[in-house]
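Chemist: Submitted below is the structure of interest, expressed as structure tokens.
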Amino acid sequence: MTIQWAIPSYRRPKICAEATVSTLISSGVNPENITVYLSDPEETDEYQKELHNTGVSVHEGKAGVAHNRKHIQHSYPEGTQLVCCDDDLTGILTKSNDGKKLEPLHFKLTDLAEGAFQRAKEAGAGMWGIYAAQNAMFMSHTETAGLRYIIASFFGTTTVDQDVARDEFLESSGEDFMTSILSFLRYGCTYRLDWATVKTKYFAEGGIDSELNERGIKRQDDHTQALRRIEQMYPDLAKTYTKANGVTNIRFKKFTGFKNPRPDNTYLPE
């Protein structure tokens, strides 16, 4: 089955073209399988100008980043292998063999996605993702099936499931925490590549920040309120805490079904 690649985007036409779209195409993804979904259809001409001659499609999505992500998952037939990426992705990084640093992915993203879909299916997971923090010391040479946070920056899903891709939780901040919990409850596990992380800048201008600023809402306040709401909804699974930089985060209850070793072909050349 051909993997589809979707990019929700808002107020970032140039970044989307020069970062995510360029990264995907240079890493083996067929541009005919890439679609950019716009939260604001009035930006269509600007995006099409930036993506001219790339072969990438631009479609109207839904207003609001969270709504747009849900719209995307309902835009494909059930069973489609879909990878969803942030619009400012500049690469995937991997934990080095010695475990001390991060290295650029040395093989194609299409190979990463194909392998992840297969192993997630074997684990019974409806969703797979990568490690959220760009810090090799916290990562490991494993892949985990259990309750794990699947960050929205780069993840794959095999089914369009009404119990997971639903609009009950409307906040853009924290939507991926909520989706991770819903997928865990639906399938019994999520599947995470603990050895891979995204190369991007969190809380960057554009995207959710622009969406909230235009409504007079501070991103940090919205983020905190959204995560605390999740904690209230699922107190047995999620607990909020404040990081050293003052940003609110969530810890999931530690549930590990099993761990797989990192596949041999994903290691960096010596």
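By convention in this document, the chains of the structure tokens carry letters A, B, ... by their order, each chain's residues are numbered from 1, and ligands are numbered from 1 in the order they are shown.
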Please identify the helix (DSSP H, G or I) residues within stretch 76-250 of chain A (assignment by DSSP from backbone atoms) and present them as an mmCIF file with N, CA and C atoms, in the first residue's frame.

Modeler:
data_model
loop_
_atom_site.group_PDB
_atom_site.id
_atom_site.type_symbol
_atom_site.label_atom_id
_atom_site.label_comp_id
_atom_site.auth_asym_id
_atom_site.auth_seq_id
_atom_site.Cartn_x
_atom_site.Cartn_y
_atom_site.Cartn_z
ATOM 1 N N LEU A 109 13.319 8.389 4.556
ATOM 2 C CA LEU A 109 12.135 8.460 5.404
ATOM 3 C C LEU A 109 11.080 7.452 4.985
ATOM 4 N N THR A 110 11.042 7.139 3.697
ATOM 5 C CA THR A 110 10.088 6.135 3.236
ATOM 6 C C THR A 110 10.390 4.775 3.867
ATOM 7 N N ASP A 111 11.675 4.452 4.027
ATOM 8 C CA ASP A 111 12.047 3.186 4.663
ATOM 9 C C ASP A 111 11.691 3.208 6.148
ATOM 10 N N LEU A 112 11.925 4.351 6.807
ATOM 11 C CA LEU A 112 11.561 4.469 8.215
ATOM 12 C C LEU A 112 10.063 4.239 8.397
ATOM 13 N N ALA A 113 9.260 4.886 7.562
ATOM 14 C CA ALA A 113 7.806 4.789 7.697
ATOM 15 C C ALA A 113 7.306 3.382 7.399
ATOM 16 N N GLU A 114 7.815 2.763 6.349
ATOM 17 C CA GLU A 114 7.378 1.410 6.000
ATOM 18 C C GLU A 114 7.665 0.435 7.135
ATOM 19 N N GLY A 115 8.862 0.532 7.710
ATOM 20 C CA GLY A 115 9.217 -0.352 8.815
ATOM 21 C C GLY A 115 8.375 -0.088 10.042
ATOM 22 N N ALA A 116 8.133 1.194 10.344
ATOM 23 C CA ALA A 116 7.346 1.555 11.519
ATOM 24 C C ALA A 116 5.909 1.067 11.393
ATOM 25 N N PHE A 117 5.322 1.198 10.224
ATOM 26 C CA PHE A 117 3.955 0.713 10.019
ATOM 27 C C PHE A 117 3.878 -0.807 10.233
ATOM 28 N N GLN A 118 4.857 -1.515 9.715
ATOM 29 C CA GLN A 118 4.849 -2.968 9.844
ATOM 30 C C GLN A 118 4.985 -3.403 11.299
ATOM 31 N N ARG A 119 5.923 -2.807 12.028
ATOM 32 C CA ARG A 119 6.147 -3.224 13.409
ATOM 33 C C ARG A 119 5.021 -2.765 14.333
ATOM 34 N N ALA A 120 4.430 -1.602 14.041
ATOM 35 C CA ALA A 120 3.277 -1.150 14.826
ATOM 36 C C ALA A 120 2.092 -2.090 14.617
ATOM 37 N N LYS A 121 1.914 -2.543 13.391
ATOM 38 C CA LYS A 121 0.838 -3.488 13.093
ATOM 39 C C LYS A 121 1.044 -4.783 13.859
ATOM 40 N N GLU A 122 2.274 -5.274 13.887
ATOM 41 C CA GLU A 122 2.578 -6.505 14.609
ATOM 42 C C GLU A 122 2.321 -6.349 16.107
ATOM 43 N N ALA A 123 2.507 -5.117 16.620
ATOM 44 C CA ALA A 123 2.280 -4.847 18.044
ATOM 45 C C ALA A 123 0.809 -4.634 18.362
ATOM 46 N N ALA A 136 19.708 13.014 23.059
ATOM 47 C CA ALA A 136 20.148 11.623 22.934
ATOM 48 C C ALA A 136 20.230 10.915 24.281
ATOM 49 N N MET A 137 20.517 11.647 25.353
ATOM 50 C CA MET A 137 20.696 11.020 26.659
ATOM 51 C C MET A 137 19.401 10.414 27.195
ATOM 52 N N PHE A 138 18.257 10.952 26.772
ATOM 53 C CA PHE A 138 16.971 10.442 27.226
ATOM 54 C C PHE A 138 16.409 9.360 26.306
ATOM 55 N N GLU A 175 -3.416 18.574 21.853
ATOM 56 C CA GLU A 175 -4.227 17.637 21.069
ATOM 57 C C GLU A 175 -3.504 16.308 20.853
ATOM 58 N N ASP A 176 -2.176 16.358 20.692
ATOM 59 C CA ASP A 176 -1.448 15.112 20.466
ATOM 60 C C ASP A 176 -1.347 14.268 21.740
ATOM 61 N N PHE A 177 -1.308 14.915 22.916
ATOM 62 C CA PHE A 177 -1.378 14.146 24.158
ATOM 63 C C PHE A 177 -2.713 13.408 24.245
ATOM 64 N N MET A 178 -3.777 14.124 23.897
ATOM 65 C CA MET A 178 -5.110 13.538 23.946
ATOM 66 C C MET A 178 -5.235 12.377 22.960
ATOM 67 N N THR A 179 -4.747 12.573 21.753
ATOM 68 C CA THR A 179 -4.820 11.526 20.740
ATOM 69 C C THR A 179 -4.019 10.299 21.151
ATOM 70 N N SER A 180 -2.872 10.515 21.797
ATOM 71 C CA SER A 180 -2.063 9.386 22.274
ATOM 72 C C SER A 180 -2.848 8.547 23.272
ATOM 73 N N ILE A 181 -3.536 9.216 24.194
ATOM 74 C CA ILE A 181 -4.332 8.492 25.191
ATOM 75 C C ILE A 181 -5.481 7.750 24.535
ATOM 76 N N LEU A 182 -6.183 8.411 23.621
ATOM 77 C CA LEU A 182 -7.321 7.780 22.962
ATOM 78 C C LEU A 182 -6.887 6.564 22.141
ATOM 79 N N SER A 183 -5.739 6.675 21.469
ATOM 80 C CA SER A 183 -5.241 5.547 20.684
ATOM 81 C C SER A 183 -4.838 4.389 21.597
ATOM 82 N N PHE A 184 -4.228 4.712 22.738
ATOM 83 C CA PHE A 184 -3.874 3.688 23.713
ATOM 84 C C PHE A 184 -5.123 2.971 24.234
ATOM 85 N N LEU A 185 -6.151 3.726 24.566
ATOM 86 C CA LEU A 185 -7.380 3.130 25.085
ATOM 87 C C LEU A 185 -8.087 2.286 24.021
ATOM 88 N N ARG A 186 -7.981 2.720 22.771
ATOM 89 C CA ARG A 186 -8.659 1.992 21.680
ATOM 90 C C ARG A 186 -7.929 0.701 21.330
ATOM 91 N N TYR A 187 -6.601 0.732 21.257
ATOM 92 C CA TYR A 187 -5.842 -0.412 20.753
ATOM 93 C C TYR A 187 -5.038 -1.154 21.817
ATOM 94 N N GLY A 207 1.849 28.631 12.692
ATOM 95 C CA GLY A 207 1.177 27.465 13.236
ATOM 96 C C GLY A 207 0.264 27.817 14.393
ATOM 97 N N ILE A 208 0.348 27.029 15.481
ATOM 98 C CA ILE A 208 -0.518 27.240 16.639
ATOM 99 C C ILE A 208 -0.301 28.618 17.244
ATOM 100 N N ASP A 209 0.944 29.093 17.285
ATOM 101 C CA ASP A 209 1.214 30.401 17.865
ATOM 102 C C ASP A 209 0.431 31.506 17.153
ATOM 103 N N SER A 210 0.465 31.489 15.823
ATOM 104 C CA SER A 210 -0.268 32.501 15.068
ATOM 105 C C SER A 210 -1.764 32.356 15.271
ATOM 106 N N GLU A 211 -2.225 31.117 15.262
ATOM 107 C CA GLU A 211 -3.659 30.862 15.457
ATOM 108 C C GLU A 211 -4.143 31.469 16.766
ATOM 109 N N LEU A 212 -3.401 31.246 17.848
ATOM 110 C CA LEU A 212 -3.817 31.733 19.157
ATOM 111 C C LEU A 212 -3.604 33.236 19.301
ATOM 112 N N ASN A 213 -2.484 33.743 18.792
ATOM 113 C CA ASN A 213 -2.216 35.181 18.898
ATOM 114 C C ASN A 213 -3.300 36.003 18.212
ATOM 115 N N ARG A 219 0.066 31.492 23.961
ATOM 116 C CA ARG A 219 0.315 30.072 23.696
ATOM 117 C C ARG A 219 0.594 29.298 24.979
ATOM 118 N N GLN A 220 1.439 29.843 25.832
ATOM 119 C CA GLN A 220 1.802 29.120 27.049
ATOM 120 C C GLN A 220 0.581 28.905 27.947
ATOM 121 N N ASP A 221 -0.292 29.935 28.031
ATOM 122 C CA ASP A 221 -1.493 29.802 28.849
ATOM 123 C C ASP A 221 -2.422 28.740 28.284
ATOM 124 N N ASP A 222 -2.596 28.764 26.968
ATOM 125 C CA ASP A 222 -3.463 27.784 26.323
ATOM 126 C C ASP A 222 -2.920 26.374 26.501
ATOM 127 N N HIS A 223 -1.603 26.238 26.342
ATOM 128 C CA HIS A 223 -0.942 24.947 26.485
ATOM 129 C C HIS A 223 -1.151 24.388 27.894
ATOM 130 N N THR A 224 -0.955 25.239 28.892
ATOM 131 C CA THR A 224 -1.114 24.811 30.282
ATOM 132 C C THR A 224 -2.546 24.392 30.574
ATOM 133 N N GLN A 225 -3.500 25.200 30.142
ATOM 134 C CA GLN A 225 -4.908 24.886 30.394
ATOM 135 C C GLN A 225 -5.326 23.590 29.710
ATOM 136 N N ALA A 226 -4.846 23.382 28.480
ATOM 137 C CA ALA A 226 -5.206 22.174 27.744
ATOM 138 C C ALA A 226 -4.663 20.924 28.435
ATOM 139 N N LEU A 227 -3.409 20.989 28.878
ATOM 140 C CA LEU A 227 -2.815 19.824 29.523
ATOM 141 C C LEU A 227 -3.461 19.534 30.871
ATOM 142 N N ARG A 228 -3.828 20.572 31.587
ATOM 143 C CA ARG A 228 -4.508 20.350 32.865
ATOM 144 C C ARG A 228 -5.901 19.756 32.654
ATOM 145 N N ARG A 229 -6.521 20.122 31.560
ATOM 146 C CA ARG A 229 -7.825 19.525 31.252
ATOM 147 C C ARG A 229 -7.672 18.027 30.979
ATOM 148 N N ILE A 230 -6.623 17.655 30.258
ATOM 149 C CA ILE A 230 -6.377 16.236 29.994
ATOM 150 C C ILE A 230 -6.144 15.491 31.307
ATOM 151 N N GLU A 231 -5.369 16.106 32.195
ATOM 152 C CA GLU A 231 -5.115 15.497 33.502
ATOM 153 C C GLU A 231 -6.425 15.268 34.256
ATOM 154 N N GLN A 232 -7.344 16.216 34.175
ATOM 155 C CA GLN A 232 -8.630 16.080 34.849
ATOM 156 C C GLN A 232 -9.480 14.988 34.213
ATOM 157 N N MET A 233 -9.379 14.841 32.905
ATOM 158 C CA MET A 233 -10.171 13.838 32.199
ATOM 159 C C MET A 233 -9.638 12.428 32.421
#

Chemist: Stretch 44-52 of chain A: which residues within 6 Å, counting only C-alpha atoms, same-chain residues fewer than 2 positions away excluded, as a count of residues only?

Modeler: 5

Chemist: Between A:Arg192, A:Arg69, A:Lys14, A:His59, single out the one closest to A:Ala125, counting only C-alpha atoms.

Modeler: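 Going through A:Arg192, A:Arg69, A:Lys14, A:His59 one by one, the smallest distance to A:Ala125 is for A:Arg192.
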
Chemist: Please run DSSP on the backbone and report, as a count of residues only, all residues within stretch 2-186 of chain A that come out as strand (DSSP E or B).

Modeler: 42

Chemist: Measuring between only C-alpha atoms, which one of A:Gly79, A:Gly126, A:Gly55, A:Gly64 shows the shortest distance to A:Glu32?

Modeler: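 Ranked by minimum distance to A:Glu32, first place goes to A:Gly55.
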
Chemist: Give the answer as one residue: which of A:Thr197, A:Thr80, A:Ser75, A:Gln4 has the shortest atom-to-atom distance to A:Val29, using only C-alpha atoms?

Modeler: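 Nearest candidate to A:Val29 out of A:Thr197, A:Thr80, A:Ser75, A:Gln4: A:Gln4.
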
Chemist: Taking 5 positions as the minimum chain separation for residues in the same chain, which residues sit within 7 Å of A:Pro261 when counting only C-alpha atoms? Answer as a CSV table (one decimal) with C-alpha atoms, in the first residue's frame.

Modeler:
chain,number,residue,atom,x,y,z
A,141,HIS,CA,18.1,2.0,21.1
A,142,THR,CA,14.6,0.4,21.5
A,143,GLU,CA,11.0,0.6,20.2

Chemist: Extract, using only C-alpha atoms, all DNA, RNA and protein residues at most 6 Å from A:Phe154, discarding same-chain residues fewer than 2 positions from it, and format them as an MDAnalysis selection string.

Modeler: chainID A and resid 84:85 152

Chemist: I need the residues from that last selection saved to file as a JSON list (two decimals), in the first residue's frame (with N, CA and C atoms), if you can.

Modeler:
[["chain", "number", "residue", "atom", "x", "y", "z"],
["A", 84, "CYS", "N", 1.70, 12.02, 9.12],
["A", 84, "CYS", "CA", 1.38, 13.44, 9.28],
["A", 84, "CYS", "C", 2.60, 14.16, 9.86],
["A", 85, "CYS", "N", 2.99, 15.29, 9.25],
["A", 85, "CYS", "CA", 4.20, 16.00, 9.65],
["A", 85, "CYS", "C", 3.89, 17.47, 9.91],
["A", 152, "ALA", "N", 2.80, 15.18, 17.69],
["A", 152, "ALA", "CA", 2.16, 15.44, 16.40],
["A", 152, "ALA", "C", 3.14, 15.87, 15.31]]

Chemist: Choose the residue, out of A:Ile7, A:Leu268, A:Gly99, A:Thr94, that has the smallest atom-to-atom separation from A:Phe155; count only C-alpha atoms.

Modeler: A:Ile7
